[in-house]
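Novice: Below is the file structure.tsv, with TSV, C-alpha atoms.
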```tsv
chain	number	residue	atom	x	y	z
A	190	MET	CA	4.57	-13.49	8.04
A	191	THR	CA	7.96	-12.09	8.88
A	192	GLY	CA	9.86	-8.85	8.68
A	193	PRO	CA	13.11	-7.23	9.72
A	194	PRO	CA	13.66	-5.93	13.25
A	195	ASP	CA	12.91	-2.30	14.02
A	196	ALA	CA	15.71	0.26	14.29
A	197	SER	CA	16.10	3.67	15.87
A	198	ALA	CA	15.38	6.80	13.87
A	199	GLU	CA	19.03	7.81	14.13
A	200	SER	CA	20.44	4.60	12.67
A	201	GLU	CA	17.74	4.54	9.99
A	202	ALA	CA	18.58	8.06	8.87
A	203	ALA	CA	22.27	7.17	8.71
A	204	THR	CA	21.67	4.17	6.47
A	205	ALA	CA	22.61	4.83	2.85
A	206	VAL	CA	19.79	4.32	0.38
A	207	THR	CA	20.43	3.24	-3.19
A	208	PRO	CA	18.19	5.22	-5.56
A	209	ALA	CA	15.61	3.06	-7.31
A	210	PRO	CA	15.96	2.77	-11.12
A	211	GLY	CA	12.72	4.65	-11.77
A	212	ALA	CA	13.06	7.21	-8.98
A	213	ALA	CA	12.97	10.29	-11.22
A	214	LEU	CA	9.90	8.95	-12.99
A	215	MET	CA	8.02	7.79	-9.88
A	216	THR	CA	8.21	11.12	-8.09
A	217	ARG	CA	6.81	12.83	-11.20
A	218	ARG	CA	4.08	10.24	-11.83
A	219	PHE	CA	2.35	10.66	-8.47
A	220	ARG	CA	3.37	14.20	-7.46
A	221	GLY	CA	5.98	13.09	-4.95
A	222	PHE	CA	3.88	10.35	-3.37
A	223	LEU	CA	4.94	6.69	-3.37
A	224	PRO	CA	1.93	4.38	-3.78
A	225	VAL	CA	1.95	1.49	-1.28
A	226	VAL	CA	-0.82	-1.10	-1.36
A	227	VAL	CA	-2.20	-1.99	2.06
A	228	ASP	CA	-4.66	-4.67	3.08
A	229	ILE	CA	-5.80	-5.04	6.68
A	230	GLU	CA	-7.80	-7.96	8.07
A	231	THR	CA	-9.81	-7.13	11.17
A	232	GLY	CA	-12.17	-8.39	13.84
A	233	GLY	CA	-15.01	-6.14	12.68
A	234	PHE	CA	-15.85	-2.87	10.94
A	235	ASN	CA	-15.25	-0.29	13.69
A	236	ALA	CA	-11.67	0.97	13.57
A	237	ASP	CA	-11.82	2.33	17.13
A	238	THR	CA	-13.14	-0.79	18.85
A	239	ASP	CA	-12.38	-3.80	16.64
A	240	ALA	CA	-9.07	-5.64	16.43
A	241	LEU	CA	-6.53	-5.24	13.66
A	242	LEU	CA	-5.39	-8.84	13.02
A	243	GLU	CA	-3.26	-8.80	9.86
A	244	ILE	CA	-1.48	-6.11	7.89
A	245	ALA	CA	0.23	-6.42	4.52
A	246	ALA	CA	1.99	-3.60	2.70
A	247	VAL	CA	3.09	-4.15	-0.90
A	248	LEU	CA	5.54	-1.76	-2.52
A	249	ILE	CA	5.01	-0.53	-6.07
A	250	ASP	CA	8.12	-0.48	-8.25
A	251	MET	CA	8.79	1.49	-11.41
A	252	ASP	CA	11.41	0.64	-14.02
A	253	GLY	CA	13.46	2.98	-16.16
A	254	ASP	CA	10.68	3.09	-18.76
A	255	GLY	CA	8.05	4.22	-16.28
A	256	VAL	CA	6.28	0.85	-16.09
A	257	LEU	CA	4.81	-0.06	-12.70
A	258	SER	CA	5.06	-3.54	-11.18
A	259	ARG	CA	4.38	-5.25	-7.86
A	260	GLY	CA	7.32	-5.00	-5.48
A	261	ALA	CA	8.23	-6.48	-2.10
A	262	THR	CA	5.62	-7.47	0.47
A	263	HIS	CA	5.97	-6.69	4.18
A	264	ALA	CA	3.36	-8.36	6.34
A	265	PHE	CA	2.60	-9.36	9.92
A	266	HIS	CA	0.04	-11.13	12.03
A	267	VAL	CA	-1.08	-8.73	14.78
A	268	LYS	CA	-2.20	-9.42	18.35
A	269	PRO	CA	-5.59	-7.92	19.27
A	270	PHE	CA	-5.09	-4.84	21.41
A	271	GLU	CA	-6.31	-5.00	24.99
A	272	GLY	CA	-10.10	-4.80	25.10
A	273	ALA	CA	-10.47	-5.22	21.34
A	274	ARG	CA	-13.78	-6.45	20.00
A	275	LEU	CA	-13.75	-9.64	17.88
A	276	ASP	CA	-16.87	-10.15	15.81
A	277	PRO	CA	-17.44	-13.89	15.19
A	278	ALA	CA	-18.97	-13.11	11.79
A	279	SER	CA	-15.81	-11.29	10.68
A	280	LEU	CA	-13.57	-14.08	11.95
A	281	SER	CA	-15.62	-16.65	10.04
A	282	VAL	CA	-15.00	-14.74	6.82
A	283	THR	CA	-11.24	-14.35	7.30
A	284	GLY	CA	-10.69	-17.73	8.97
A	285	ILE	CA	-8.38	-16.10	11.50
A	286	ASP	CA	-8.01	-17.61	14.97
A	287	PRO	CA	-6.46	-14.66	16.86
A	288	PHE	CA	-5.36	-16.84	19.79
A	289	HIS	CA	-4.02	-19.89	17.96
A	290	PRO	CA	-0.85	-20.99	19.79
A	291	LEU	CA	1.13	-21.26	16.54
A	292	ARG	CA	0.11	-17.84	15.22
A	293	PRO	CA	3.28	-15.67	15.17
A	294	ALA	CA	1.56	-12.40	16.03
A	295	LEU	CA	3.16	-9.14	17.14
A	296	PRO	CA	1.72	-6.27	19.17
A	297	GLU	CA	0.27	-3.47	17.03
A	298	ARG	CA	3.08	-1.06	17.83
A	299	ASP	CA	5.80	-3.54	16.86
A	300	ALA	CA	4.07	-4.60	13.65
A	301	LEU	CA	3.46	-1.01	12.55
A	302	GLN	CA	6.97	0.16	13.39
A	303	ARG	CA	8.54	-2.68	11.41
A	304	THR	CA	6.27	-2.06	8.45
A	305	PHE	CA	6.79	1.70	8.48
A	306	ARG	CA	10.56	1.35	8.61
A	307	GLU	CA	10.55	-0.54	5.31
A	308	LEU	CA	8.17	1.96	3.74
A	309	ARG	CA	10.25	4.97	4.79
A	310	HIS	CA	13.26	3.27	3.18
A	311	ALA	CA	11.30	2.87	-0.07
A	312	VAL	CA	10.10	6.49	0.04
A	313	ARG	CA	13.70	7.64	0.26
A	314	ALA	CA	14.83	5.28	-2.52
A	315	TYR	CA	12.24	6.78	-4.87
A	316	ASP	CA	12.97	10.35	-3.73
A	317	CYS	CA	9.34	10.84	-2.74
A	318	ARG	CA	7.91	13.03	0.01
A	319	ARG	CA	5.78	10.36	1.63
A	320	ALA	CA	3.73	7.24	0.95
A	321	ILE	CA	0.10	7.21	-0.14
A	322	LEU	CA	-2.12	4.26	0.69
A	323	VAL	CA	-3.57	2.22	-2.15
A	324	GLY	CA	-6.38	-0.14	-1.20
A	325	HIS	CA	-9.51	-1.83	-2.42
A	326	ASN	CA	-12.14	0.25	-0.62
A	327	ALA	CA	-9.15	2.15	0.70
A	328	ALA	CA	-11.03	4.23	3.27
A	329	PHE	CA	-11.56	1.08	5.35
A	330	ASP	CA	-7.85	0.22	5.48
A	331	LEU	CA	-6.74	3.81	6.02
A	332	GLY	CA	-9.25	4.20	8.85
A	333	PHE	CA	-7.99	1.11	10.66
A	334	LEU	CA	-4.37	2.09	10.03
A	335	ASN	CA	-4.83	5.59	11.43
A	336	ALA	CA	-6.71	4.27	14.46
A	337	ALA	CA	-3.94	1.77	15.22
A	338	VAL	CA	-1.24	4.43	14.80
A	339	LYS	CA	-3.02	6.68	17.29
A	340	ARG	CA	-3.78	3.85	19.73
A	341	ALA	CA	-0.20	2.52	19.72
A	342	ASP	CA	1.35	6.02	19.69
A	343	VAL	CA	3.47	5.21	16.64
A	344	LYS	CA	5.63	8.06	15.39
A	345	ARG	CA	6.84	8.86	11.85
A	346	ASN	CA	3.91	7.38	9.98
A	347	PRO	CA	4.99	7.56	6.30
A	348	PHE	CA	1.42	7.67	4.93
A	349	HIS	CA	-0.60	10.72	3.99
A	350	PRO	CA	-3.22	10.98	6.75
A	351	PHE	CA	-6.32	11.19	4.54
A	352	SER	CA	-5.53	10.95	0.83
A	353	CYS	CA	-5.54	7.52	-0.82
A	354	PHE	CA	-5.96	5.69	-4.13
A	355	ASP	CA	-8.97	3.37	-4.22
A	356	THR	CA	-8.74	0.47	-6.66
A	357	ALA	CA	-12.49	-0.15	-6.36
A	358	THR	CA	-12.98	3.25	-7.99
A	359	LEU	CA	-10.19	2.74	-10.52
A	360	ALA	CA	-11.45	-0.72	-11.47
A	361	GLY	CA	-15.01	0.53	-11.78
A	362	ALA	CA	-13.90	3.22	-14.23
A	363	ALA	CA	-11.39	1.14	-16.19
A	364	LEU	CA	-12.91	-2.35	-16.08
A	365	GLY	CA	-16.56	-1.97	-15.13
A	366	GLN	CA	-16.10	-4.04	-11.96
A	367	THR	CA	-15.78	-2.92	-8.34
A	368	VAL	CA	-15.54	-6.28	-6.53
A	369	LEU	CA	-11.86	-7.21	-6.23
A	370	ALA	CA	-12.24	-10.82	-7.37
A	371	LYS	CA	-14.23	-9.82	-10.45
A	372	ALA	CA	-11.97	-6.88	-11.32
A	373	VAL	CA	-8.86	-9.04	-11.09
A	374	THR	CA	-10.47	-11.76	-13.21
A	375	VAL	CA	-11.73	-9.50	-16.02
A	376	ALA	CA	-8.31	-7.81	-16.06
A	377	GLY	CA	-6.83	-11.18	-17.03
A	378	LEU	CA	-5.02	-11.76	-13.74
A	379	SER	CA	-5.25	-14.93	-11.64
A	380	TRP	CA	-7.61	-15.19	-8.67
A	381	ASP	CA	-7.79	-18.02	-6.12
A	382	SER	CA	-10.93	-17.71	-3.99
A	383	SER	CA	-9.53	-20.12	-1.40
A	384	SER	CA	-6.66	-17.69	-0.71
A	385	ALA	CA	-8.86	-14.57	-0.46
A	386	HIS	CA	-9.26	-12.66	2.82
A	387	SER	CA	-5.60	-13.14	3.62
A	388	ALA	CA	-3.96	-9.73	3.94
A	389	VAL	CA	-0.97	-10.82	1.85
A	390	TYR	CA	-3.00	-12.38	-0.95
A	391	ASP	CA	-5.51	-9.54	-1.22
A	392	ALA	CA	-2.80	-6.87	-1.09
A	393	GLU	CA	-0.70	-8.54	-3.77
A	394	ARG	CA	-3.67	-8.97	-6.12
A	395	THR	CA	-4.68	-5.35	-5.46
A	396	ALA	CA	-1.13	-4.23	-6.28
A	397	GLU	CA	-1.19	-6.09	-9.58
A	398	LEU	CA	-4.55	-4.55	-10.43
A	399	PHE	CA	-3.33	-1.05	-9.57
A	400	CYS	CA	-0.23	-1.47	-11.73
A	401	LEU	CA	-2.21	-2.80	-14.68
A	402	ILE	CA	-4.68	0.10	-14.63
A	403	CYS	CA	-2.02	2.78	-14.14
A	404	ASN	CA	0.12	1.34	-16.94
A	405	ARG	CA	-2.89	1.47	-19.27
A	406	PHE	CA	-3.45	5.11	-18.27
A	407	ARG	CA	0.15	6.06	-19.03
A	408	ASP	CA	-0.61	7.82	-22.35
A	409	SER	CA	-3.35	9.82	-20.63
A	410	PHE	CA	-0.85	10.92	-18.00
A	411	LEU	CA	1.71	11.99	-20.62
A	412	GLU	CA	-0.91	14.07	-22.43
A	413	ALA	CA	-1.96	15.73	-19.17
A	414	GLU	CA	1.65	16.40	-18.21
A	415	ALA	CA	2.32	18.06	-21.57
A	416	ARG	CA	-0.77	20.24	-21.14
A	417	ALA	CA	0.30	21.24	-17.63
A	418	ARG	CA	3.69	22.21	-19.03
A	419	THR	CA	2.11	24.52	-21.60
A	420	LEU	CA	0.17	26.16	-18.77
A	421	GLY	CA	3.43	26.87	-16.96
A	422	TRP	CA	2.66	24.54	-14.05
A	423	LEU	CA	5.81	22.43	-14.54
A	424	SER	CA	9.44	23.35	-14.98
A	425	GLU	CA	11.09	19.95	-14.49
A	426	PRO	CA	11.89	17.64	-17.44
A	427	SER	CA	8.90	15.68	-18.72
A	428	LEU	CA	8.54	11.94	-18.23
A	429	GLU	CA	9.46	11.38	-21.87
A	430	GLU	CA	12.54	13.62	-21.55
A	431	ILE	CA	13.71	11.72	-18.48
A	432	GLU	CA	13.22	8.37	-20.24
A	433	SER	CA	15.25	9.53	-23.25
A	434	LYS	CA	18.34	10.28	-21.17
```
Turn this file's structure into structure tokens for me.

Specialist:
Amino acid sequence: MTGPPDASAESEAATAVTPAPGAALMTRRFRGFLPVVVDIETGGFNADTDALLEIAAVLIDMDGDGVLSRGATHAFHVKPFEGARLDPASLSVTGIDPFHPLRPALPERDALQRTFRELRHAVRAYDCRRAILVGHNAAFDLGFLNAAVKRADVKRNPFHPFSCFDTATLAGAALGQTVLAKAVTVAGLSWDSSSAHSAVYDAERTAELFCLICNRFRDSFLEAEARARTLGWLSEPSLEEIESK
């Protein structure tokens, strides 16, 4: 897992950002939030005491027609923080050896800063206010993310601190399945059980699932947007009006 080097806030702010093709549509679709799929592999279930070992963040792209698709992946192996608990049962599930000599792991602070820099760039490109975490059982990932941010004293976290989109809930409503492997499979997407419990693999499959469900709900969104407009809640051009330009 690799990523670009971190940069200062000043140089980041000075970097020109090319607007994404679907920027006007994305900011309308999710009320100014940019969905970013996150999967975190850990050394247990307690965000305050157990190690964060892998993080993957997958961007969600939108084209000029308002169709969502999986975007770039930014991911890192992470070194256990000092004093972190490592549950053997959790490690047996993920297959992670936190101290393998060939494991290219970064300290939590470094990994989070590098990830957040890319996400802030994407938020600006889509003219959104901030990112919102998408995850399968998202409360787990958001809890570990927030704990790591606090522990490592990371500034300028692009994510909303408590709101999230949970694909377990979405898949349960849309597909009748809440287990990621089953939801992905009944949705007609590919699933390789031997690759599961890797942060990158799980995040990318979750991103594809999120896009598929949201794209199927597009007509529902357009109907709701039109109703909100008649109620006087919206003054900006509708999604359909933007697309027609």

Novice: Which is closest to Leu275 in chain A among A:Leu291, A:Ala236, A:Met251, A:Leu223, if we use all atoms listed in the file?

Specialist: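 Residue with the minimum atom-to-atom distance to Leu275 in chain A: A:Ala236.
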
Novice: Name the residues in contact with Pro347 in chain A at a cut-off of 8 Å, using only C-alpha atoms, excluding same-chain residues fewer than 5 positions from it; report them as number ranges by chain.

Specialist: A: 305, 308-309, 319-320

Novice: Under the rule that all atoms listed in the file are counted, which of A:Asp254, A:Asp391, A:Glu397, A:Glu425 is the nearest residue to Gly211 in chain A?

Specialist: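 Among the listed residues, A:Asp254 lies closest to Gly211 in chain A.
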
Novice: So that I can check the surroundings of Ala336 in chain A, please list as a ChimeraX atom specification every protein, DNA and RNA residue that reaches within 10 Å of it, counting all atoms listed in the file and ignoring chain neighbours fewer than 6 positions away.

Specialist: /A:235-238,241,330,342

Novice: A:Val225, A:Met215, A:Ala311, A:Lys371: which is nearest Phe348 in chain A, counting all atoms listed in the file?

Specialist: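 The shortest atom-to-atom distance to Phe348 in chain A comes from A:Val225.
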
Novice: Record the distance separating CA of Ala396 in chain A and CA of Ile285 in chain A, expressed in Å with one decimal.

Specialist: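 CA of Ile285 in chain A lies 22.6 Å from CA of Ala396 in chain A.
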
Novice: Neighbourhood query: residues within 10 Å of (-6.6, -9.6, 1.1), file coordinates, counting only C-alpha atoms; return as a list in words.

Specialist: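 Those within range, by chain then number, are Val227, Asp228, Ile229, Glu230, Glu243, Ile244, Ala245, Thr283, Gly324, His325, Leu369, Ser384, Ala385, His386, Ser387, Ala388, Val389, Tyr390, Asp391, Ala392, Glu393, Arg394 and Thr395 of chain A.
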
Novice: Point out the residue among A:Val206, A:Leu295, A:Ala213, A:Leu378 with the least atom-to-atom distance to Cys400 in chain A, counting all atoms listed in the file.

Specialist: A:Leu378

Novice: Please return the centre and edge lengths, in Å to one decimal, of a box with edges along x, y and z that contains all listed atoms of range 357-363 of chain A, widened by 4 Å on every side, as JSON.

Specialist:
```
{"center_x": -12.6, "center_y": 1.3, "center_z": -11.3, "size_x": 12.8, "size_y": 12.0, "size_z": 17.8}
```

Novice: Quick one: residues within 10 Å of Phe354 in chain A, only C-alpha atoms counted, chain neighbours fewer than 3 positions away excluded, as a ChimeraX atom specification?

Specialist: /A:224-226,321-328,357-359,399

Novice: Please dump the current selection as a PDB file, in the frame of the given file; keep C-alpha atoms.

Specialist:
```pdb
ATOM      1  CA  PRO A 224       1.930   4.380  -3.780  1.00  0.00           C
ATOM      2  CA  VAL A 225       1.950   1.490  -1.280  1.00  0.00           C
ATOM      3  CA  VAL A 226      -0.820  -1.100  -1.360  1.00  0.00           C
ATOM      4  CA  ILE A 321       0.100   7.210  -0.140  1.00  0.00           C
ATOM      5  CA  LEU A 322      -2.120   4.260   0.690  1.00  0.00           C
ATOM      6  CA  VAL A 323      -3.570   2.220  -2.150  1.00  0.00           C
ATOM      7  CA  GLY A 324      -6.380  -0.140  -1.200  1.00  0.00           C
ATOM      8  CA  HIS A 325      -9.510  -1.830  -2.420  1.00  0.00           C
ATOM      9  CA  ASN A 326     -12.140   0.250  -0.620  1.00  0.00           C
ATOM     10  CA  ALA A 327      -9.150   2.150   0.700  1.00  0.00           C
ATOM     11  CA  ALA A 328     -11.030   4.230   3.270  1.00  0.00           C
ATOM     12  CA  ALA A 357     -12.490  -0.150  -6.360  1.00  0.00           C
ATOM     13  CA  THR A 358     -12.980   3.250  -7.990  1.00  0.00           C
ATOM     14  CA  LEU A 359     -10.190   2.740 -10.520  1.00  0.00           C
ATOM     15  CA  PHE A 399      -3.330  -1.050  -9.570  1.00  0.00           C
TER      16      PHE A 399
END
```

Novice: Can you pull out every residue within 10 Å of Phe270 in chain A, counting only C-alpha atoms, but drop anything in the same chain fewer than 3 positions away, and send it as a list in words?

Specialist: Thr238, Asp239, Ala240, Leu241, Leu242, Val267, Ala273, Arg274, Pro296, Glu297, Arg298, Ala337, Arg340 and Ala341 of chain A

Novice: Considering only C-alpha atoms, state which residue in the set A:Val373, A:Lys268, A:Gln302, A:Asp276 is at the smallest distance from Pro290 in chain A.

Specialist: A:Lys268

Novice: CA of Gly421 in chain A to CA of Thr216 in chain A: how many Å, to one decimal?

Specialist: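 Between these atoms lies a distance of 18.7 Å.
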
Novice: Select, from A:Asp299, A:Leu398, A:Phe219, A:Leu334, the residue with the minimum atom-to-atom distance to Pro350 in chain A, counting all atoms listed in the file.

Specialist: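 Closest residue, counting all atoms listed in the file: A:Leu334.
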
Novice: Do you know which residues are at most 7 Å from Gly260 in chain A counting all atoms listed in the file, after dropping those on the same chain fewer than 6 positions away, and could you put them as JSON, numbers by chain?

Specialist: {"A": [247, 248, 249, 250]}

Novice: Provide the CA of Phe333 in chain A to CA of Ala246 in chain A distance in Å, to one decimal place.

Specialist: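 Straight-line distance from CA of Phe333 in chain A to CA of Ala246 in chain A works out to 13.6 Å.
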